[in-house]
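Peer 1: mmCIF, C-alpha atoms and all ligand atoms, saved as my_file-v1.cif, coming up:
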data_start
#
loop_
_atom_site.label_atom_id
_atom_site.label_comp_id
_atom_site.auth_asym_id
_atom_site.auth_seq_id
_atom_site.Cartn_x
_atom_site.Cartn_y
_atom_site.Cartn_z
CA MET A 1 43.73 11.27 -14.98
CA LYS A 2 42.57 12.50 -18.34
CA ILE A 3 44.79 14.77 -20.41
CA ASN A 4 42.29 17.60 -20.03
CA ALA A 5 42.30 17.28 -16.28
CA LEU A 6 46.06 17.16 -16.25
CA LEU A 7 46.35 20.32 -18.33
CA LYS A 8 43.87 22.02 -16.07
CA LYS A 9 45.96 21.15 -13.04
CA LEU A 10 49.10 22.35 -14.79
CA PHE A 11 47.59 25.71 -15.59
CA ASN A 12 46.06 25.91 -12.15
CA LYS A 13 42.54 26.27 -13.43
CA THR A 14 39.78 25.49 -10.96
CA ASP A 15 36.96 23.25 -12.04
CA SER A 16 33.69 25.09 -12.48
CA LYS A 17 31.99 22.44 -10.40
CA ASP A 18 34.16 23.38 -7.43
CA VAL A 19 32.97 26.94 -7.78
CA ALA A 20 29.40 25.62 -7.95
CA LYS A 21 29.89 23.55 -4.83
CA LYS A 22 31.29 26.45 -2.86
CA ARG A 23 28.49 28.79 -3.92
CA LEU A 24 25.96 26.13 -3.07
CA LYS A 25 27.33 25.63 0.42
CA PHE A 26 27.13 29.35 1.15
CA ALA A 27 23.68 29.66 -0.38
CA LEU A 28 22.35 26.91 1.87
CA ILE A 29 23.84 28.53 4.97
CA TYR A 30 22.43 31.92 4.01
CA ASP A 31 19.00 30.47 3.28
CA LYS A 32 18.83 29.03 6.76
CA LEU A 33 19.77 32.37 8.33
CA GLU A 34 17.05 34.29 6.59
CA ILE A 35 14.63 35.69 9.13
CA ARG A 36 11.28 37.41 9.01
CA ASP A 37 11.33 41.21 8.89
CA ASP A 38 9.66 41.69 12.27
CA MET A 39 11.91 39.24 14.08
CA LEU A 40 14.89 41.56 14.60
CA GLY A 41 12.56 44.31 15.87
CA ASN A 42 10.94 41.98 18.40
CA LEU A 43 14.31 40.68 19.53
CA GLN A 44 15.54 44.25 20.04
CA GLN A 45 12.49 45.05 22.19
CA ASP A 46 13.04 41.95 24.32
CA LEU A 47 16.75 42.63 24.71
CA ILE A 48 16.13 46.23 25.80
CA GLU A 49 13.65 45.02 28.36
CA VAL A 50 16.06 42.51 29.89
CA ILE A 51 19.14 44.74 29.81
CA SER A 52 17.28 47.70 31.33
CA ARG A 53 16.73 45.64 34.46
CA TYR A 54 20.45 45.81 35.09
CA PHE A 55 21.72 48.89 33.27
CA GLU A 56 20.62 52.35 32.33
CA ILE A 57 21.00 52.29 28.59
CA ASP A 58 20.57 54.78 25.85
CA LYS A 59 17.70 53.15 24.03
CA LYS A 60 18.05 55.37 20.99
CA SER A 61 21.58 54.45 20.07
CA ILE A 62 21.10 50.71 20.19
CA VAL A 63 22.14 48.81 17.08
CA LEU A 64 21.06 45.24 16.42
CA ASP A 65 22.17 43.66 13.21
CA ILE A 66 23.16 40.43 11.55
CA GLN A 67 26.59 40.61 10.02
CA ARG A 68 27.62 38.08 7.43
CA SER A 69 31.03 37.38 6.07
CA ASP A 70 32.40 34.52 4.02
CA GLU A 71 33.51 32.72 7.14
CA CYS A 72 30.67 33.19 9.57
CA SER A 73 27.54 35.05 10.53
CA ALA A 74 27.06 36.92 13.78
CA LEU A 75 24.31 38.66 15.63
CA VAL A 76 25.79 41.99 16.67
CA PHE A 77 24.19 43.96 19.49
CA ASN A 78 25.73 47.27 20.37
CA THR A 79 24.49 49.38 23.23
CA PRO A 80 26.14 52.27 25.10
CA ILE A 81 25.74 51.83 28.87
CA LEU A 82 24.96 54.97 30.85
CA SER A 83 25.26 53.38 34.28
CA ALA A 84 24.73 50.16 36.13
CA LYS A 85 21.71 49.98 38.33
CA ARG A 86 22.76 49.83 41.97
CA ILE A 87 19.62 48.27 43.31
CA GLN A 88 18.42 45.50 41.13
CA GLU A 89 14.76 46.01 40.38
CA GLN A 90 12.40 43.12 40.80
CA PRO A 91 11.62 41.80 37.36
CA ALA A 92 8.06 42.64 36.46
CA ALA A 93 5.86 39.60 36.93
CA MET B 1 -1.80 -4.99 3.77
CA ASP B 2 -2.05 -1.32 2.87
CA GLY B 3 0.04 0.02 0.00
CA LYS B 4 2.52 2.88 0.12
CA VAL B 5 2.06 6.46 -1.00
CA ILE B 6 5.24 8.02 -2.38
CA VAL B 7 5.43 11.67 -3.35
CA VAL B 8 7.88 12.73 -6.10
CA THR B 9 8.87 16.33 -5.57
CA SER B 10 11.68 18.82 -6.25
CA GLY B 11 10.94 22.46 -5.53
CA LYS B 12 12.44 23.61 -8.82
CA GLY B 13 10.45 22.95 -11.96
CA GLY B 14 11.50 20.95 -14.98
CA VAL B 15 14.00 18.69 -13.24
CA GLY B 16 12.22 15.44 -14.11
CA LYS B 17 9.46 14.72 -11.55
CA THR B 18 6.96 13.66 -14.20
CA THR B 19 9.54 11.55 -16.03
CA VAL B 20 10.51 9.88 -12.75
CA THR B 21 6.89 9.22 -11.74
CA ALA B 22 5.92 7.73 -15.10
CA SER B 23 9.04 5.57 -15.39
CA ILE B 24 9.16 4.25 -11.86
CA GLY B 25 5.40 3.66 -11.95
CA ALA B 26 5.76 1.58 -15.13
CA ALA B 27 8.75 -0.31 -13.73
CA LEU B 28 6.97 -1.19 -10.48
CA ALA B 29 3.94 -2.42 -12.44
CA LEU B 30 6.19 -4.56 -14.65
CA GLN B 31 7.62 -6.01 -11.45
CA GLY B 32 4.11 -7.21 -10.69
CA LYS B 33 2.87 -4.53 -8.32
CA ARG B 34 -0.47 -2.76 -8.52
CA VAL B 35 0.47 0.85 -9.22
CA ALA B 36 -1.35 4.16 -9.55
CA VAL B 37 0.34 7.36 -10.65
CA VAL B 38 -1.46 10.58 -9.75
CA ASP B 39 -1.01 13.93 -11.50
CA MET B 40 -1.13 16.53 -8.73
CA ASP B 41 -0.59 19.50 -11.03
CA ILE B 42 -4.15 20.87 -11.09
CA GLY B 43 -4.63 23.20 -14.03
CA LEU B 44 -1.51 22.06 -15.90
CA ARG B 45 -1.76 18.36 -16.45
CA ASN B 46 1.23 16.62 -17.91
CA LEU B 47 1.61 13.07 -16.72
CA ASP B 48 -1.15 11.89 -19.09
CA VAL B 49 0.76 12.90 -22.24
CA VAL B 50 4.07 11.58 -20.94
CA MET B 51 2.32 8.23 -20.45
CA GLY B 52 0.44 8.41 -23.75
CA LEU B 53 -2.97 8.20 -22.06
CA GLU B 54 -4.24 11.70 -22.86
CA ASN B 55 -7.01 10.53 -25.19
CA ARG B 56 -8.70 8.36 -22.62
CA ILE B 57 -9.43 10.85 -19.86
CA VAL B 58 -13.04 10.94 -18.71
CA PHE B 59 -12.88 11.85 -15.04
CA ASN B 60 -10.10 13.41 -12.99
CA ILE B 61 -8.87 13.71 -9.43
CA VAL B 62 -11.15 16.66 -8.63
CA ASP B 63 -14.17 14.63 -9.77
CA ILE B 64 -13.25 11.87 -7.30
CA ILE B 65 -12.78 14.32 -4.47
CA GLN B 66 -16.03 16.13 -5.23
CA GLY B 67 -17.88 12.82 -5.34
CA LYS B 68 -18.76 13.06 -9.04
CA CYS B 69 -17.26 9.64 -9.74
CA LYS B 70 -15.71 6.63 -8.05
CA LEU B 71 -11.95 6.16 -7.79
CA LYS B 72 -12.21 3.19 -10.18
CA GLN B 73 -14.01 5.27 -12.82
CA ALA B 74 -11.30 7.94 -12.88
CA ALA B 75 -8.36 5.52 -12.92
CA ILE B 76 -7.23 5.00 -16.53
CA LYS B 77 -5.77 1.58 -17.14
CA ASP B 78 -2.61 1.39 -19.22
CA ARG B 79 -3.18 -1.15 -21.99
CA ARG B 80 0.50 -1.97 -22.49
CA ILE B 81 1.43 -2.61 -18.88
CA ASP B 82 -0.81 -4.61 -16.57
CA ASN B 83 -1.68 -3.16 -13.18
CA LEU B 84 -0.67 0.39 -14.11
CA TYR B 85 -3.26 3.14 -13.65
CA LEU B 86 -3.27 6.91 -14.04
CA ILE B 87 -5.39 9.37 -12.09
CA PRO B 88 -5.26 12.54 -14.23
CA ALA B 89 -5.29 16.11 -12.97
CA SER B 90 -8.12 18.48 -13.78
CA GLN B 91 -7.46 21.13 -16.43
CA SER B 92 -10.36 23.37 -15.53
CA HIS B 93 -10.05 23.88 -11.79
CA GLU B 94 -8.02 26.22 -9.61
CA LYS B 95 -5.33 24.43 -7.69
CA ASN B 96 -6.96 25.44 -4.42
CA VAL B 97 -10.02 23.21 -4.92
CA ILE B 98 -8.10 20.34 -3.30
CA LYS B 99 -7.22 20.56 0.37
CA PRO B 100 -4.70 18.45 2.25
CA GLU B 101 -7.49 16.62 4.10
CA ASN B 102 -9.02 15.62 0.73
CA MET B 103 -5.72 13.96 -0.16
CA VAL B 104 -5.57 12.14 3.15
CA TRP B 105 -9.03 10.75 2.38
CA LEU B 106 -8.17 9.87 -1.23
CA CYS B 107 -4.87 8.22 -0.36
CA SER B 108 -6.45 6.09 2.36
CA LYS B 109 -8.72 4.69 -0.39
CA MET B 110 -5.84 4.32 -2.87
CA LYS B 111 -3.78 2.32 -0.38
CA LYS B 112 -6.51 -0.32 -0.31
CA GLU B 113 -6.41 -0.74 -4.09
CA PHE B 114 -2.75 -0.24 -4.97
CA ASP B 115 0.62 -1.44 -3.67
CA PHE B 116 2.20 1.82 -4.76
CA THR B 117 0.60 5.22 -5.27
CA LEU B 118 3.05 7.72 -6.80
CA LEU B 119 2.14 11.39 -6.56
CA ASP B 120 3.63 13.62 -9.27
CA CYS B 121 3.98 16.89 -7.36
CA PRO B 122 3.86 20.25 -9.15
CA ALA B 123 6.87 22.57 -8.95
CA GLY B 124 6.99 25.03 -6.06
CA ILE B 125 6.12 24.73 -2.40
CA GLU B 126 2.59 26.10 -2.45
CA GLN B 127 -0.83 24.45 -2.35
CA GLY B 128 -0.06 21.63 -4.80
CA PHE B 129 3.04 20.71 -2.84
CA LYS B 130 1.21 20.86 0.49
CA ASN B 131 -1.56 18.65 -0.88
CA SER B 132 0.96 16.17 -2.25
CA ILE B 133 2.93 15.73 0.95
CA ALA B 134 -0.14 15.68 3.21
CA ALA B 135 -0.79 11.98 2.75
CA ALA B 136 2.62 10.69 1.69
CA ASP B 137 4.35 7.86 3.56
CA GLN B 138 7.61 8.34 1.68
CA ALA B 139 9.18 10.97 -0.53
CA ILE B 140 11.55 11.05 -3.49
CA VAL B 141 13.26 14.37 -4.10
CA VAL B 142 14.51 14.90 -7.66
CA CYS B 143 17.29 17.32 -8.50
CA THR B 144 19.70 17.97 -11.35
CA PRO B 145 23.41 18.71 -10.87
CA GLU B 146 22.87 22.46 -10.87
CA VAL B 147 23.23 24.99 -8.07
CA SER B 148 19.65 26.29 -8.23
CA SER B 149 18.12 22.84 -8.34
CA VAL B 150 20.17 21.51 -5.42
CA ARG B 151 19.35 24.58 -3.37
CA ASP B 152 15.62 24.13 -3.96
CA ALA B 153 15.97 20.44 -3.12
CA ASP B 154 17.47 21.45 0.23
CA ARG B 155 14.45 23.62 0.96
CA VAL B 156 12.03 20.83 0.10
CA ILE B 157 14.00 18.29 2.13
CA GLY B 158 13.67 20.61 5.13
CA LEU B 159 9.90 20.84 4.65
CA LEU B 160 9.62 17.07 4.36
CA TYR B 161 11.61 16.53 7.54
CA ALA B 162 9.22 18.92 9.27
CA ARG B 163 6.47 16.44 8.30
CA ASN B 164 8.53 13.53 9.69
CA ILE B 165 9.30 12.14 6.24
CA THR B 166 12.91 11.18 5.50
CA PRO B 167 13.18 11.65 1.74
CA LYS B 168 15.48 9.90 -0.72
CA LEU B 169 17.26 11.63 -3.57
CA ILE B 170 17.34 10.99 -7.33
CA ILE B 171 19.89 13.01 -9.28
CA ASN B 172 18.62 13.30 -12.84
CA ARG B 173 20.11 14.59 -16.10
CA ILE B 174 23.70 13.75 -15.22
CA VAL B 175 26.14 14.26 -18.08
CA PRO B 176 29.02 11.88 -17.25
CA LYS B 177 31.45 13.60 -19.61
CA MET B 178 30.95 16.91 -17.85
CA VAL B 179 31.28 15.34 -14.40
CA GLU B 180 34.55 13.78 -15.47
CA SER B 181 35.93 17.03 -16.83
CA GLY B 182 34.99 18.84 -13.62
CA ASP B 183 32.27 20.98 -15.16
CA MET B 184 29.32 19.35 -13.44
CA LEU B 185 28.65 18.67 -9.77
CA SER B 186 29.18 14.99 -9.05
CA HIS B 187 26.74 13.00 -6.94
CA ASP B 188 29.32 12.96 -4.14
CA ASP B 189 29.40 16.77 -4.16
CA ILE B 190 25.62 16.93 -3.98
CA ILE B 191 25.28 14.33 -1.26
CA GLU B 192 27.89 16.16 0.78
CA VAL B 193 25.93 19.42 0.81
CA LEU B 194 22.46 17.90 1.13
CA SER B 195 23.05 15.09 3.66
CA ILE B 196 20.36 12.80 2.29
CA ASP B 197 20.40 9.20 1.06
CA LEU B 198 20.54 8.50 -2.65
CA VAL B 199 18.08 6.17 -4.31
CA GLY B 200 19.34 6.58 -7.87
CA LEU B 201 21.48 8.35 -10.45
CA VAL B 202 19.96 8.97 -13.87
CA GLU B 203 21.90 10.31 -16.79
CA MET B 204 20.88 12.61 -19.57
CA ASP B 205 19.39 10.36 -22.22
CA ASP B 206 17.91 11.25 -25.63
CA LYS B 207 15.58 8.27 -25.28
CA VAL B 208 13.63 10.21 -22.64
CA VAL B 209 12.61 12.74 -25.28
CA VAL B 210 11.86 10.01 -27.82
CA SER B 211 9.66 8.22 -25.33
CA THR B 212 7.71 11.37 -24.43
CA ASN B 213 7.30 12.16 -28.14
CA THR B 214 5.52 8.89 -28.69
CA GLY B 215 3.98 8.41 -25.27
CA THR B 216 5.58 5.02 -24.80
CA PRO B 217 7.05 4.01 -21.44
CA LEU B 218 10.78 4.67 -21.25
CA ILE B 219 11.16 1.37 -19.46
CA MET B 220 10.05 -0.44 -22.62
CA GLN B 221 12.72 1.20 -24.79
CA LYS B 222 15.60 -1.13 -25.45
CA ASP B 223 18.93 -0.14 -23.90
CA SER B 224 17.93 3.22 -22.53
CA LYS B 225 20.41 4.13 -19.82
CA ALA B 226 17.87 6.29 -18.04
CA GLY B 227 15.29 3.52 -18.39
CA ASN B 228 17.63 1.00 -16.79
CA ALA B 229 18.40 3.40 -13.98
CA PHE B 230 14.66 3.86 -13.30
CA GLN B 231 14.14 0.12 -13.32
CA ARG B 232 16.79 -0.30 -10.67
CA ILE B 233 15.31 2.53 -8.60
CA ALA B 234 11.95 0.73 -8.72
CA MET B 235 13.64 -2.42 -7.40
CA ARG B 236 15.22 -0.43 -4.57
CA LEU B 237 11.79 0.90 -3.62
CA ASP B 238 10.31 -2.55 -3.80
CA GLY B 239 12.19 -4.75 -1.39
CA HIS B 240 15.79 -4.44 -2.67
CA PRO B 241 17.06 -1.31 -0.91
CA ASP B 242 20.69 -2.44 -1.12
CA LEU B 243 20.85 -2.91 -4.89
CA PRO B 244 24.08 -1.05 -5.82
CA ILE B 245 23.76 2.40 -7.36
CA GLU B 246 25.78 2.58 -10.54
CA ASN B 247 27.75 5.69 -11.23
CA PRO B 248 27.03 6.88 -14.77
CA MET B 249 30.26 6.96 -16.75
CA ASP B 250 31.27 8.18 -20.14
CA GLN B 251 31.58 4.78 -21.74
CA LYS B 252 33.79 5.58 -24.65
CA GLY B 253 37.34 4.39 -24.37
CA PHE B 254 39.00 1.42 -22.79
CA TRP B 255 40.44 3.16 -19.76
CA LYS B 256 37.09 4.50 -18.75
CA ARG B 257 35.57 1.07 -18.87
CA ILE B 258 38.37 -0.15 -16.61
CA SER B 259 37.84 2.68 -14.18
CA LYS B 260 34.13 1.88 -14.18
CA LYS B 261 34.94 -1.55 -12.83
CA PHE B 262 36.71 0.00 -9.88
CA SER B 263 34.05 2.56 -9.08
CA ARG B 264 31.22 0.08 -8.67
CA LYS B 265 31.60 0.09 -4.91
CA ASN B 266 28.90 2.67 -4.19
N1 LIG A 301 17.20 11.91 -17.88
C1 LIG A 301 16.74 12.76 -18.82
N2 LIG A 301 17.36 12.85 -20.02
C2 LIG A 301 16.90 13.71 -20.96
N3 LIG A 301 15.84 14.50 -20.82
C3 LIG A 301 15.17 14.46 -19.64
C4 LIG A 301 15.58 13.59 -18.58
N4 LIG A 301 14.72 13.76 -17.55
C5 LIG A 301 13.82 14.69 -17.94
N5 LIG A 301 14.08 15.11 -19.20
C6 LIG A 301 13.33 16.14 -19.95
O1 LIG A 301 13.29 17.31 -19.19
C7 LIG A 301 12.04 17.96 -19.32
C8 LIG A 301 11.40 18.15 -17.97
O2 LIG A 301 11.08 16.90 -17.42
P1 LIG A 301 9.76 16.66 -16.56
O3 LIG A 301 8.56 17.19 -17.29
O4 LIG A 301 9.75 15.25 -16.14
O5 LIG A 301 10.08 17.61 -15.33
P2 LIG A 301 9.12 18.06 -14.15
O6 LIG A 301 9.97 18.17 -12.95
O7 LIG A 301 7.94 17.15 -14.07
O8 LIG A 301 8.64 19.49 -14.66
P3 LIG A 301 7.49 20.41 -14.00
O9 LIG A 301 8.10 21.03 -12.79
O10 LIG A 301 7.17 21.39 -15.06
O11 LIG A 301 6.34 19.50 -13.67
C9 LIG A 301 11.21 17.11 -20.25
O12 LIG A 301 11.30 17.64 -21.53
C10 LIG A 301 11.87 15.74 -20.19
O13 LIG A 301 11.72 15.03 -21.37
MG MG A 302 5.85 17.65 -14.09
#
Do you think you could lay out the structure here as structure tokens?

Peer 2:
Amino acid sequence: MKINALLKKLFNKTDSKDVAKKRLKFALIYDKLEIRDDMLGNLQQDLIEVISRYFEIDKKSIVLDIQRSDECSALVFNTPILSAKRIQEQPAA
Amino acid sequence: MDGKVIVVTSGKGGVGKTTVTASIGAALALQGKRVAVVDMDIGLRNLDVVMGLENRIVFNIVDIIQGKCKLKQAAIKDRRIDNLYLIPASQSHEKNVIKPENMVWLCSKMKKEFDFTLLDCPAGIEQGFKNSIAAADQAIVVCTPEVSSVRDADRVIGLLYARNITPKLIINRIVPKMVESGDMLSHDDIIEVLSIDLVGLVEMDDKVVVSTNTGTPLIMQKDSKAGNAFQRIAMRLDGHPDLPIENPMDQKGFWKRISKKFSRKN
């Protein structure tokens, strides 16, 4: 190990390339998660359609969002249920 | 047998595509292959000056595609290196005059005449990129050890996979001293995030600038580290895929030379 590297370790300094690598890894993950603007809207429509076959839901208070943290990304769908449907409707053909 | 068409691309601009195309083209020709290098940057030609052939342009790639001349008339022969030809870009056209199907047609003709056709792709992922990858059999992605460049390389690699091409990576402009002090991404770091095979490591070399100043092939410069690296890349492309990839090292100092001996394994 070079003296410089040794000193760095002693003073607990992180290499700038390790910072670069970490940023790069996150950037690549984020890039792959990027979606078109209309995609979330379409997904919400489809989800409402499917869920309404089984539940009465309050369509206005539905929230669909992608949440990103350092560790992971999640698709979060939040819908208040008014009631379950007793008789399951035939799905529209 | 038909020759190969290899596209040299990067996403990010200024990382060394033109340098790579000119140097590997020259090296392949010196190895006895018939080689054509094609400047795909319509409107901003570049490869001609890097190769020192700018004064001899008569026709260009758009002229061939529009039927104004034959392929042979537009191909400029390098007088220093046998079997090396340049197809220059047009300065006066919009980049949209060429369509991917034109390139498929042109490359099918090129493959009959040349063992290797190297396409110097413009930066970006628009029309020029689409044209360049339309007819390629293989791809070389060039990046530098910088976050933005590696990220763009990832994007381009994805687009190439979507076209069923498995690209190979050249990391250019490596500064060994900075890699050793931990201030530059190493090739291992880059390979780890990109998951792609390497075909060469090229270090930062003043001789590259000298060679573009004078328009002489880098390969012909004595003891240019970058030149040597390009020569070895050309061999890997031409029947020696397992030729070891040397890790550029800061060569001052005894201990570093020793450690170089032990790091030859990749
Ligand atoms: N290994 C190297 N050492 C030193 N300088 C280099 C090296 N590789 C490239 N360069 C320099 O970097 C600059 C950009 O290189 P080049 O023109 O080949 O990039 P490019 O990817 O073709 O750019 P563009 O996207 O604009 O077409 C040039 O000035 C070139 O001389
Ligand atoms: Mg270029």

Peer 1: I want to know what sits within 6 Å of range 13-25 of chain A, based on all atoms listed in the file, with residues of the same chain fewer than 6 positions away left out; could you give that as an MDAnalysis selection string?

Peer 2: chainID B and resid 147 182:185

Peer 1: To one decimal in Å, tell me the separation between CA of Ser92 in chain B and CA of Ile24 in chain B.

Peer 2: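 Between these atoms lies a distance of 27.6 Å.
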
Peer 1: Got a sec: who's within 12 Å of range 30-38 of chain A, counting only C-alpha atoms, leaving out chain neighbours fewer than 3 positions off, as JSON, numbers by chain?

Peer 2: {"A": [23, 24, 25, 26, 27, 41, 42, 43, 44, 45, 65, 66, 67, 68, 69, 70, 71, 72, 73, 74, 75], "B": [151, 152, 154, 155, 158]}

Peer 1: Determine the nearest neighbour of Met178 in chain B from the options B:Val208, B:Pro88, B:Asp2, B:Asp250, counting all atoms listed in the file.

Peer 2: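 Going through B:Val208, B:Pro88, B:Asp2, B:Asp250 one by one, the smallest distance to Met178 in chain B is for B:Asp250.
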
Peer 1: Which one is closest to ligand MG 302 (chain A): B:Gly200, B:Gly128, B:Pro176, B:Pro248? Count all atoms listed in the file.

Peer 2: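 For ligand MG 302 (chain A), the nearest of the given residues is B:Gly128.
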
Peer 1: Write out as a compact mmCIF listing (two decimals) with C-alpha atoms, in the frame of the given file each polymer residue whose atoms come within 7 Å of Ile76 in chain B, counting all atoms listed in the file; drop sequence neighbours fewer than 2 positions from it.

Peer 2:
# COMPACT_ATOMS: atom_id res chain seq x y z
CA ALA B 74 -11.30 7.94 -12.88
CA ASP B 78 -2.61 1.39 -19.22
CA TYR B 85 -3.26 3.14 -13.65
CA LEU B 86 -3.27 6.91 -14.04
CA ILE B 87 -5.39 9.37 -12.09
